[in-house]
Each structure stands twice: as structure tokens, then as C-alpha cells.
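**Student:** To start, I am sharing the structure in question, which I have written as C-alpha cells.
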Amino acid sequence: MRMMHFYPESWPLHTPFVISRGSRTEARVVVVEIEQDGITGVGECTPYARYGESEQSVIVQLASVTHAMEHDVSREILQQLLPAGAARNAVDCALWDLERQLNNKTLAELVGVTLPARIDMAQTLSINEPELMAQAALEYWQAGARLLKIKLDDSLITERMVAIHTAVPDATLIVDANESWQPEGLAARCQLLADLGVVMLEQPLPAEQDSVLQHFIHPLPICADESCHTRQQLPALKDNYEMVNIKLDKTGGLTEALLLAQQASDQGFAVMLGCMLCTSRGIAAALPLVSFARFIDLDGPTWLSMDAAPHLKYRCGSITL
Ligand SMILES: [Mg+2]
């Protein structure tokens, strides 16, 4: 017999996080605890409005599976009880955390992977005036980050990119437009990014316009984020995207994320590993996926004024294990 509890938490950010869809000043997460034999497994998720989720909708979904989870339903069955999304992520990760503790293992050991001593990752530049983005890029670079992820919206593309590239000419740059661009002008923008040495462009167009990418010669790899949640989308992404961004809040947990990472790799997609604004609890659950990833973007907790325990050891541009 298990017990399941869940509750929302709010974690203030030290700096507003601005992307094309809007600005955030706090990370709002929902935590799930599943207790068995005096041991508590913990999972965390970030409800995301873009995917039709709210704190309330996630709590309703969690309430709907509490009885089943308390009657020892397995992770495999959970995949059929809830759709891919934040609520399933928190339950799935709580079950993994419980299982690893019951087996006296780390999560990586339980999954069967070896983690490096240091995980190099992107630091994210949120949208701001070009000179302030350039200044933030330089500060990240001087603090040790070598991979920078630049959030953009539909304006000041050249100004922002040239300012950043001039400030940190040796940094590896990736760009995320979060669906804010349109097919018109996409080619010229991609060429600008390619000319500046940008190594990847994430989700330039709204997900429903993916077919535009099919006959578009990409001068740099394009990565599906909002367009890729689970293995189900992979067939439609072929020929449109070269990469997929895997996040546990989209896959609905580590169980599906591992299957998606394997299948995407087998089908020739390069993998990026991403996150929402979350605490170290949400990131720890994703670490078994790092060996699949060309780019790792797990800097969510670095935006928090204070992180949840157990803290991962973040430095600028890396996590030390
Ligand atoms: Mg993205």
C-alpha cells in the first residue's frame, strides 16, 4: 500500500525570464510524493499554459489517479491512465525516485546509464534590449559558459544577434524563437543565423505550420520543441526538423522520455535535452537522458532566487555531479 500526496509550490526568480510568449517572475511547480514502506519518492512538474495546462488542471489530473497509485499501479500502467504532460511527469518521476530508493540505487544506476562528472549545458539569455542581451552573454561567457541559448521574438533579430555575436565571438550560440516567426522572411533569418555561426534554431514557426519546413532548405539544423512531445509526433517531424528537444514535462515523465530519446536517435534526429522553469528536483529526474543529447539546456534552477533540496551543483554553463 502506498500513499500519494501532491501540492503546488512557487519559487521566485532572481531576474524576470522573458520569451516570445511572455514574462515570468516565478516558477510555479506541482510536487508529488509517493510513500511506501517509510520511503518517499518525489516528483515535480511545471504546468504549462501553452499546452493547455494550469496548476488547477494538473491537480485535477493528479486527484484522478491517486486511488490507482495508492493501489500499487505500475509506471507502465500510469502511461495509459494520464496523457503525456506535466501531471504524468510528476507521478512518473515520483515512482522512479521511489523505486531507486527501494533498490538502494541512484537514478542513473536504476536506468542503467553512467553520468559524466560534469555536464556542460547552455545558459539562456532571455529577451531584452540588444545591448543588455550582449552584456548578459559576456557575463555568462566570463563566468565559464561556452554554450548560450538566445531567446528571440519577432523583432530586432539582426540587432540582437549581431550585438551578442560581437560580445562573445567564440561562444557556441543556439537560438529559440518559441513559435514567434512566420514563413515569410524565415529564409533570410536562417541565413543570418548561419552566417553568424549559430549552430541550431529551435522552433521558429508555430507548431501548426510545420509543413512549411518540409520544402525549406535549412542552412542550419532546426529543432522541434513545441512540435515534439512524445514518440507519436516523430513520423510527422521527419523531413521538417533535424533535432528534437526532449522535456519531461512534455513526454509525461522519464519513462516515455527514454523511449523517445532512443527512437528519435534511431531515426536520425539529434537530441536536445531541455526543461521548464523548475527546481533541481525536476532536473535530477532528467539526468539519465544526458548521454543522448547533443545540446543540454537544463538551466531552469539557475533562474531561481532559491532552489529546492537536494540542490544540484550548478556553475555557470555546467552541472557538477
Ligand atoms: Mg524551446
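To be explicit about the labels: the chains of the C-alpha cells are called A, B, and onward in the order shown, and within each one the residues are counted from 1, while ligands get numbers from 1 in the order they are shown.
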Find the residues around Glu202 (chain A) up to 7 Å (only C-alpha atoms counted), leave out those fewer than 2 positions away in its own chain, and share them as a count of residues only.

**Tutor:** 9

**Student:** Show me which residues are within 12 Å of ligand 1 counting only C-alpha atoms and all ligand atoms, and format the list as a PyMOL selection string.

**Tutor:** chain A and resi 19-21+50+124+126+149-153+174-180+200-207+222-229+243-247+250+272-277+296-298

**Student:** Quick one, how far is CA of Phe295 (chain A) from CA of Glu55 (chain A)?

**Tutor:**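 CA of Phe295 (chain A) sits 29.2 Å away from CA of Glu55 (chain A).
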
**Student:** Smallest atom-to-atom distance to Tyr140 (chain A): which of A:Gln123, A:Thr40, A:Gln214, A:Gln209, using only C-alpha atoms?

**Tutor:** A:Gln123

**Student:** Neighbours of Ile39 (chain A) within 9 Å (only C-alpha atoms; same-chain residues fewer than 5 positions away dropped), as a PDB file with N, CA, C and O atoms, in the first residue's frame?

**Tutor:**
ATOM      1  N   ILE A  34       5.120  10.062  -3.277  1.00  0.00           N
ATOM      2  CA  ILE A  34       4.527   8.730  -3.148  1.00  0.00           C
ATOM      3  C   ILE A  34       5.334   7.960  -2.100  1.00  0.00           C
ATOM      4  O   ILE A  34       6.553   7.797  -2.240  1.00  0.00           O
ATOM      5  N   LEU A  98      11.024   6.650  -6.029  1.00  0.00           N
ATOM      6  CA  LEU A  98      10.703   5.641  -5.013  1.00  0.00           C
ATOM      7  C   LEU A  98      11.429   4.328  -5.311  1.00  0.00           C
ATOM      8  O   LEU A  98      12.056   3.728  -4.433  1.00  0.00           O
ATOM      9  N   GLN A 101      15.141   4.337  -4.560  1.00  0.00           N
ATOM     10  CA  GLN A 101      15.445   4.278  -3.126  1.00  0.00           C
ATOM     11  C   GLN A 101      15.174   2.876  -2.574  1.00  0.00           C
ATOM     12  O   GLN A 101      15.940   2.374  -1.756  1.00  0.00           O
ATOM     13  N   LEU A 102      14.081   2.252  -3.034  1.00  0.00           N
ATOM     14  CA  LEU A 102      13.772   0.890  -2.569  1.00  0.00           C
ATOM     15  C   LEU A 102      14.868  -0.080  -3.001  1.00  0.00           C
ATOM     16  O   LEU A 102      15.121  -1.092  -2.352  1.00  0.00           O
TER      17      LEU A 102
END

**Student:** Find the spatial neighbours of Gln61 (chain A), counting only C-alpha atoms, within a cut-off of 12 Å - ignore same-chain residues fewer than 5 positions away - and output them as a list of chain:residue names.

**Tutor:**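 Counting only C-alpha atoms, the residues come to A:Phe6, A:Val30, A:Val32, A:Pro47, A:Glu53, A:Ser54, A:Glu55, A:Gln56, A:Thr66, A:His67, A:Leu78, A:Leu81, A:Leu82, A:Pro83, A:Ala84, A:Gly85, A:Ala86, A:Ala87, A:Arg88, A:Asn89, A:Ala90, A:Val91.
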
**Student:** Output N, CA, C and O atoms for every residue in the selection just made, as an mmCIF file, in the first residue's frame.

**Tutor:**
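Okay, out.cif is ready:
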data_model
loop_
_atom_site.group_PDB
_atom_site.id
_atom_site.type_symbol
_atom_site.label_atom_id
_atom_site.label_comp_id
_atom_site.auth_asym_id
_atom_site.auth_seq_id
_atom_site.Cartn_x
_atom_site.Cartn_y
_atom_site.Cartn_z
ATOM 1 N N PHE A 6 0.107 15.511 -3.080
ATOM 2 C CA PHE A 6 0.610 16.482 -4.057
ATOM 3 C C PHE A 6 0.235 17.891 -3.626
ATOM 4 O O PHE A 6 -0.773 18.101 -2.943
ATOM 5 N N VAL A 30 4.306 21.792 -9.359
ATOM 6 C CA VAL A 30 3.478 20.912 -8.534
ATOM 7 C C VAL A 30 4.332 19.702 -8.159
ATOM 8 O O VAL A 30 5.010 19.119 -9.014
ATOM 9 N N VAL A 32 4.739 15.928 -6.360
ATOM 10 C CA VAL A 32 4.049 14.689 -5.999
ATOM 11 C C VAL A 32 4.961 13.866 -5.097
ATOM 12 O O VAL A 32 6.144 13.705 -5.395
ATOM 13 N N PRO A 47 3.330 22.935 -14.755
ATOM 14 C CA PRO A 47 2.186 23.082 -15.675
ATOM 15 C C PRO A 47 2.465 24.211 -16.662
ATOM 16 O O PRO A 47 3.020 25.244 -16.272
ATOM 17 N N GLU A 53 -2.345 23.572 -19.935
ATOM 18 C CA GLU A 53 -2.244 23.138 -18.541
ATOM 19 C C GLU A 53 -2.257 24.330 -17.585
ATOM 20 O O GLU A 53 -1.732 25.399 -17.898
ATOM 21 N N SER A 54 -2.826 24.112 -16.405
ATOM 22 C CA SER A 54 -2.736 25.077 -15.307
ATOM 23 C C SER A 54 -2.458 24.273 -14.039
ATOM 24 O O SER A 54 -2.577 23.045 -14.034
ATOM 25 N N GLU A 55 -2.116 25.004 -12.984
ATOM 26 C CA GLU A 55 -1.916 24.323 -11.696
ATOM 27 C C GLU A 55 -3.170 23.514 -11.352
ATOM 28 O O GLU A 55 -3.092 22.355 -10.930
ATOM 29 N N GLN A 56 -4.337 24.154 -11.580
ATOM 30 C CA GLN A 56 -5.594 23.502 -11.232
ATOM 31 C C GLN A 56 -5.840 22.257 -12.085
ATOM 32 O O GLN A 56 -6.239 21.211 -11.570
ATOM 33 N N THR A 66 -4.915 9.214 -7.991
ATOM 34 C CA THR A 66 -4.412 8.942 -6.637
ATOM 35 C C THR A 66 -4.834 7.560 -6.153
ATOM 36 O O THR A 66 -4.002 6.791 -5.634
ATOM 37 N N HIS A 67 -6.098 7.216 -6.354
ATOM 38 C CA HIS A 67 -6.568 5.904 -5.890
ATOM 39 C C HIS A 67 -5.768 4.781 -6.558
ATOM 40 O O HIS A 67 -5.299 3.850 -5.892
ATOM 41 N N LEU A 78 0.544 3.552 -15.558
ATOM 42 C CA LEU A 78 0.371 5.015 -15.447
ATOM 43 C C LEU A 78 0.344 5.671 -16.824
ATOM 44 O O LEU A 78 -0.403 6.628 -17.050
ATOM 45 N N LEU A 81 -3.057 5.811 -17.954
ATOM 46 C CA LEU A 81 -4.043 6.496 -17.120
ATOM 47 C C LEU A 81 -4.057 8.000 -17.339
ATOM 48 O O LEU A 81 -5.099 8.638 -17.173
ATOM 49 N N LEU A 82 -2.895 8.564 -17.669
ATOM 50 C CA LEU A 82 -2.816 10.015 -17.883
ATOM 51 C C LEU A 82 -2.175 10.281 -19.237
ATOM 52 O O LEU A 82 -1.293 9.534 -19.668
ATOM 53 N N PRO A 83 -2.583 11.367 -19.901
ATOM 54 C CA PRO A 83 -1.920 11.735 -21.161
ATOM 55 C C PRO A 83 -0.524 12.285 -20.885
ATOM 56 O O PRO A 83 -0.217 12.678 -19.750
ATOM 57 N N ALA A 84 0.304 12.336 -21.919
ATOM 58 C CA ALA A 84 1.621 12.964 -21.793
ATOM 59 C C ALA A 84 1.424 14.402 -21.339
ATOM 60 O O ALA A 84 0.553 15.107 -21.845
ATOM 61 N N GLY A 85 2.233 14.840 -20.374
ATOM 62 C CA GLY A 85 2.105 16.203 -19.867
ATOM 63 C C GLY A 85 2.652 16.295 -18.459
ATOM 64 O O GLY A 85 3.230 15.331 -17.936
ATOM 65 N N ALA A 86 2.423 17.458 -17.852
ATOM 66 C CA ALA A 86 3.054 17.748 -16.566
ATOM 67 C C ALA A 86 2.597 16.793 -15.456
ATOM 68 O O ALA A 86 3.419 16.280 -14.693
ATOM 69 N N ALA A 87 1.297 16.539 -15.352
ATOM 70 C CA ALA A 87 0.798 15.716 -14.238
ATOM 71 C C ALA A 87 1.437 14.324 -14.263
ATOM 72 O O ALA A 87 1.939 13.833 -13.245
ATOM 73 N N ARG A 88 1.441 13.707 -15.453
ATOM 74 C CA ARG A 88 2.042 12.363 -15.535
ATOM 75 C C ARG A 88 3.535 12.411 -15.234
ATOM 76 O O ARG A 88 4.073 11.484 -14.621
ATOM 77 N N ASN A 89 4.177 13.507 -15.641
ATOM 78 C CA ASN A 89 5.606 13.638 -15.349
ATOM 79 C C ASN A 89 5.878 13.553 -13.851
ATOM 80 O O ASN A 89 6.755 12.809 -13.403
ATOM 81 N N ALA A 90 5.119 14.308 -13.057
ATOM 82 C CA ALA A 90 5.385 14.338 -11.612
ATOM 83 C C ALA A 90 5.157 12.960 -10.980
ATOM 84 O O ALA A 90 5.935 12.525 -10.128
ATOM 85 N N VAL A 91 4.115 12.250 -11.425
ATOM 86 C CA VAL A 91 3.836 10.923 -10.855
ATOM 87 C C VAL A 91 4.904 9.924 -11.306
ATOM 88 O O VAL A 91 5.452 9.154 -10.509
#

**Student:** How far is it from CA of Cys278 (chain A) to CA of Pro301 (chain A), in Å with one decimal?

**Tutor:**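 Value for the CA of Cys278 (chain A)-CA of Pro301 (chain A) distance: 5.7 Å.
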
**Student:** Here is a test: counting only C-alpha atoms, which residue of A:Gly112, A:Met4, A:Ala122, A:Glu129 is nearest to Met69 (chain A)?

**Tutor:** A:Met4
